[in-house]
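A.B. asks: My questions will all concern the structure given below.
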Amino acid sequence: MTSVHAKWRIDHVRIVLENRILEGSVVVEDGIITAIHETNDAESQATHSDGEFLIIDGAGGMLLPGFVDVHVHGGFGADFMEADATAYDTIARFHASKGTTTMLATTVTASYDAIAEVLGAA
């Protein structure tokens with residue numbers, strides 16, 4: 001059985017920021033990052049008791065923002081030119097499993113009708 005937590009914290013991670021990498025934890029509340037704490041930040045431990053958060057041990061791994069891919073033809077054997085919901089689902093699931101949070105479906109050079117079919121399916 002899986003429970004849904006409105007508040008969770010990922011501990012023991014290397015957090016990739018715009019200008020540096022720090023070791024610490026990330027607090028997420030209702031799907032939004034509300035705090036980033038360095039390991040030596042005493043406020044993190046005092047403010048966020050383990051009882052109110054689902055605690056995830058990042059095991060020293062790197063925590064990066066989701067990736068935005070602005071040029072995607074397909075993935076996992078499926079192609080956007082198939083103009084098919086099953087293919088689109090396969091592509092989306094594959095890219096999501098690799099950390100892509102947003103993508104732009106890209107067609108190949110094709111006839112007007114083929115591209116119109118892709119647009120209609122999307």
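As shown in the structure tokens, the chain order sets the letters A, B, ...; within each chain, residues go from 1, and ligands are also counted from 1 in the order they appear.
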From the DSSP assignment of the backbone, select every residue of chain A that is strand (DSSP E), and format the answer as a PyMOL selection string.

C.D. replies: chain A and resi 7-16+21-29+32-38+54-57+62-63+67-72+74-75+78-79+100-105

A.B. asks: Take the residues that were just selected and, keeping N, CA and C atoms, output them as a compact mmCIF listing (two decimals), in the first residue's frame.

C.D. replies:
```
# COMPACT_ATOMS: atom_id res chain seq x y z
N LYS A 7 4.14 16.39 2.66
CA LYS A 7 5.45 16.94 3.00
C LYS A 7 6.48 15.82 2.99
N TRP A 8 7.60 16.06 2.32
CA TRP A 8 8.67 15.09 2.34
C TRP A 8 10.01 15.79 2.24
N ARG A 9 11.05 15.07 2.64
CA ARG A 9 12.40 15.62 2.64
C ARG A 9 13.35 14.58 2.09
N ILE A 10 14.20 15.00 1.18
CA ILE A 10 15.23 14.12 0.64
C ILE A 10 16.53 14.51 1.32
N ASP A 11 17.07 13.60 2.13
CA ASP A 11 18.30 13.85 2.88
C ASP A 11 19.49 13.21 2.19
N HIS A 12 20.68 13.63 2.60
CA HIS A 12 21.95 13.04 2.16
C HIS A 12 22.12 13.04 0.64
N VAL A 13 21.92 14.22 0.04
CA VAL A 13 22.09 14.35 -1.40
C VAL A 13 23.05 15.49 -1.74
N ARG A 14 23.63 15.40 -2.91
CA ARG A 14 24.43 16.49 -3.48
C ARG A 14 23.48 17.24 -4.41
N ILE A 15 23.15 18.47 -4.04
CA ILE A 15 22.13 19.25 -4.74
C ILE A 15 22.80 20.14 -5.78
N VAL A 16 22.41 19.98 -7.03
CA VAL A 16 22.99 20.77 -8.11
C VAL A 16 22.20 22.06 -8.24
N ILE A 21 27.39 23.10 -6.20
CA ILE A 21 26.81 21.85 -5.71
C ILE A 21 27.00 21.83 -4.21
N LEU A 22 25.93 21.57 -3.48
CA LEU A 22 26.06 21.51 -2.02
C LEU A 22 25.52 20.20 -1.51
N GLU A 23 26.01 19.78 -0.36
CA GLU A 23 25.51 18.58 0.28
C GLU A 23 24.46 18.98 1.29
N GLY A 24 23.32 18.28 1.28
CA GLY A 24 22.27 18.65 2.22
C GLY A 24 20.98 17.92 1.97
N SER A 25 19.87 18.66 2.14
CA SER A 25 18.54 18.08 1.98
C SER A 25 17.62 19.08 1.29
N VAL A 26 16.56 18.54 0.69
CA VAL A 26 15.55 19.35 0.01
C VAL A 26 14.20 19.02 0.62
N VAL A 27 13.44 20.06 0.95
CA VAL A 27 12.11 19.90 1.52
C VAL A 27 11.08 20.20 0.43
N VAL A 28 10.10 19.30 0.30
CA VAL A 28 9.03 19.46 -0.69
C VAL A 28 7.70 19.42 0.05
N GLU A 29 6.86 20.43 -0.20
CA GLU A 29 5.53 20.48 0.41
C GLU A 29 4.51 20.70 -0.69
N ILE A 32 5.95 21.28 -4.16
CA ILE A 32 6.78 22.46 -4.41
C ILE A 32 7.99 22.44 -3.49
N ILE A 33 9.17 22.69 -4.04
CA ILE A 33 10.36 22.78 -3.20
C ILE A 33 10.23 24.04 -2.35
N THR A 34 10.23 23.85 -1.03
CA THR A 34 10.07 24.98 -0.11
C THR A 34 11.35 25.33 0.61
N ALA A 35 12.33 24.43 0.61
CA ALA A 35 13.58 24.74 1.29
C ALA A 35 14.70 23.83 0.79
N ILE A 36 15.89 24.38 0.79
CA ILE A 36 17.11 23.64 0.53
C ILE A 36 18.04 23.93 1.70
N HIS A 37 18.52 22.87 2.35
CA HIS A 37 19.37 23.06 3.53
C HIS A 37 20.71 22.35 3.33
N GLU A 38 21.77 23.05 3.68
CA GLU A 38 23.09 22.41 3.70
C GLU A 38 23.16 21.48 4.90
N LEU A 54 7.77 12.63 5.26
CA LEU A 54 8.28 11.38 4.74
C LEU A 54 9.75 11.66 4.45
N ILE A 55 10.65 10.89 5.03
CA ILE A 55 12.08 11.10 4.85
C ILE A 55 12.60 10.11 3.81
N ILE A 56 13.27 10.63 2.80
CA ILE A 56 13.87 9.80 1.77
C ILE A 56 15.38 9.95 1.87
N ASP A 57 16.08 8.83 1.98
CA ASP A 57 17.54 8.87 2.05
C ASP A 57 18.10 8.86 0.63
N MET A 62 23.20 12.46 -6.51
CA MET A 62 23.02 13.84 -6.97
C MET A 62 21.55 14.11 -7.22
N LEU A 63 21.09 15.29 -6.82
CA LEU A 63 19.71 15.71 -7.04
C LEU A 63 19.74 16.89 -7.99
N PHE A 67 14.76 17.77 -16.48
CA PHE A 67 15.31 18.23 -17.75
C PHE A 67 14.19 18.62 -18.71
N VAL A 68 14.42 19.67 -19.49
CA VAL A 68 13.50 20.11 -20.53
C VAL A 68 14.19 19.81 -21.86
N ASP A 69 13.57 18.96 -22.66
CA ASP A 69 14.14 18.58 -23.96
C ASP A 69 13.28 19.19 -25.05
N VAL A 70 13.84 20.12 -25.82
CA VAL A 70 13.07 20.85 -26.82
C VAL A 70 13.17 20.24 -28.23
N HIS A 71 13.69 19.02 -28.32
CA HIS A 71 13.80 18.38 -29.63
C HIS A 71 13.73 16.86 -29.44
N VAL A 72 12.51 16.32 -29.44
CA VAL A 72 12.30 14.89 -29.20
C VAL A 72 11.50 14.28 -30.35
N GLY A 74 11.10 10.85 -30.44
CA GLY A 74 10.45 9.67 -29.90
C GLY A 74 11.27 9.08 -28.78
N GLY A 75 11.02 7.81 -28.50
CA GLY A 75 11.76 7.12 -27.46
C GLY A 75 11.23 5.72 -27.24
N ALA A 78 9.28 4.10 -30.08
CA ALA A 78 8.10 4.79 -30.61
C ALA A 78 8.53 6.14 -31.18
N ASP A 79 7.74 6.64 -32.12
CA ASP A 79 8.06 7.89 -32.81
C ASP A 79 6.82 8.77 -32.86
N THR A 100 13.35 13.55 -17.71
CA THR A 100 12.80 14.63 -18.53
C THR A 100 11.43 14.98 -17.99
N THR A 101 11.23 16.25 -17.66
CA THR A 101 9.94 16.67 -17.11
C THR A 101 9.07 17.38 -18.14
N THR A 102 9.70 17.88 -19.20
CA THR A 102 8.98 18.58 -20.25
C THR A 102 9.68 18.29 -21.58
N MET A 103 8.89 18.11 -22.63
CA MET A 103 9.52 17.88 -23.94
C MET A 103 8.65 18.46 -25.04
N LEU A 104 9.31 18.76 -26.14
CA LEU A 104 8.63 19.28 -27.32
C LEU A 104 8.68 18.21 -28.40
N ALA A 105 7.50 17.73 -28.77
CA ALA A 105 7.41 16.72 -29.82
C ALA A 105 7.92 17.31 -31.12
```

A.B. asks: So which bits of chain A end up alpha helix (DSSP H) when you DSSP the backbone, as a list in words?

C.D. replies: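 The alpha helix (DSSP H) subset of chain A is Ala42, Glu43, Ser44, Gln45, Ala46, Thr47, Ala85, Thr86, Ala87, Tyr88, Asp89, Thr90, Ile91, Ala92, Arg93, Phe94, His95, Ala96, Ser97, Tyr112, Asp113, Ala114, Ile115, Ala116, Glu117, Val118, Leu119, Gly120 and Ala121 of chain A.
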
A.B. asks: Please list as an mmCIF file with N, CA, C and O atoms, in the first residue's frame every residue within 10 Å of Asp84 (chain A), counting only C-alpha atoms and excluding residues in the same chain fewer than 2 positions away.

C.D. replies:
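part.cif was written with the following content:
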```cif
data_model
loop_
_atom_site.group_PDB
_atom_site.id
_atom_site.type_symbol
_atom_site.label_atom_id
_atom_site.label_comp_id
_atom_site.auth_asym_id
_atom_site.auth_seq_id
_atom_site.Cartn_x
_atom_site.Cartn_y
_atom_site.Cartn_z
ATOM 1 N N ALA A 78 9.283 4.095 -30.080
ATOM 2 C CA ALA A 78 8.105 4.786 -30.610
ATOM 3 C C ALA A 78 8.526 6.135 -31.182
ATOM 4 O O ALA A 78 9.532 6.705 -30.775
ATOM 5 N N ASP A 79 7.739 6.645 -32.124
ATOM 6 C CA ASP A 79 8.062 7.894 -32.805
ATOM 7 C C ASP A 79 6.815 8.773 -32.855
ATOM 8 O O ASP A 79 5.704 8.267 -33.044
ATOM 9 N N PHE A 80 6.980 10.081 -32.676
ATOM 10 C CA PHE A 80 5.838 10.986 -32.746
ATOM 11 C C PHE A 80 5.144 10.937 -34.110
ATOM 12 O O PHE A 80 3.953 11.212 -34.222
ATOM 13 N N MET A 81 5.868 10.581 -35.157
ATOM 14 C CA MET A 81 5.269 10.498 -36.485
ATOM 15 C C MET A 81 4.236 9.375 -36.596
ATOM 16 O O MET A 81 3.454 9.345 -37.534
ATOM 17 N N GLU A 82 4.192 8.476 -35.618
ATOM 18 C CA GLU A 82 3.176 7.424 -35.623
ATOM 19 C C GLU A 82 1.777 8.005 -35.408
ATOM 20 O O GLU A 82 0.789 7.345 -35.734
ATOM 21 N N THR A 86 -0.910 5.561 -28.095
ATOM 22 C CA THR A 86 -0.076 4.544 -27.452
ATOM 23 C C THR A 86 1.404 4.868 -27.638
ATOM 24 O O THR A 86 2.197 4.751 -26.699
ATOM 25 N N ALA A 87 1.773 5.303 -28.819
ATOM 26 C CA ALA A 87 3.166 5.689 -29.069
ATOM 27 C C ALA A 87 3.540 6.890 -28.210
ATOM 28 O O ALA A 87 4.621 6.924 -27.609
ATOM 29 N N TYR A 88 2.640 7.861 -28.124
ATOM 30 C CA TYR A 88 2.917 9.061 -27.325
ATOM 31 C C TYR A 88 3.084 8.711 -25.856
ATOM 32 O O TYR A 88 3.951 9.247 -25.164
ATOM 33 N N ASP A 89 2.271 7.796 -25.354
ATOM 34 C CA ASP A 89 2.379 7.348 -23.969
ATOM 35 C C ASP A 89 3.717 6.643 -23.739
ATOM 36 O O ASP A 89 4.386 6.875 -22.725
ATOM 37 N N GLU A 117 -1.603 15.019 -39.311
ATOM 38 C CA GLU A 117 -2.041 13.869 -38.509
ATOM 39 C C GLU A 117 -1.347 13.855 -37.157
ATOM 40 O O GLU A 117 -1.984 13.592 -36.133
ATOM 41 N N VAL A 118 -0.055 14.158 -37.127
ATOM 42 C CA VAL A 118 0.693 14.235 -35.865
ATOM 43 C C VAL A 118 0.101 15.334 -34.979
ATOM 44 O O VAL A 118 -0.147 15.125 -33.790
ATOM 45 N N GLY A 120 -2.880 16.597 -35.063
ATOM 46 C CA GLY A 120 -4.203 16.188 -34.622
ATOM 47 C C GLY A 120 -4.150 15.185 -33.476
ATOM 48 O O GLY A 120 -4.940 15.259 -32.524
ATOM 49 N N ALA A 121 -3.220 14.276 -33.526
ATOM 50 C CA ALA A 121 -3.080 13.269 -32.463
ATOM 51 C C ALA A 121 -2.569 13.897 -31.171
ATOM 52 O O ALA A 121 -2.958 13.477 -30.089
ATOM 53 N N ALA A 122 -1.704 14.903 -31.321
ATOM 54 C CA ALA A 122 -1.153 15.551 -30.126
ATOM 55 C C ALA A 122 -2.238 16.343 -29.439
ATOM 56 O O ALA A 122 -2.307 16.435 -28.249
#
```

A.B. asks: For Ala6 (chain A), which of A:Glu18, A:Phe94, A:Ala116, A:Asp30 is the closest residue, counting only C-alpha atoms?

C.D. replies: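 Nearest candidate to Ala6 (chain A) out of A:Glu18, A:Phe94, A:Ala116, A:Asp30: A:Asp30.
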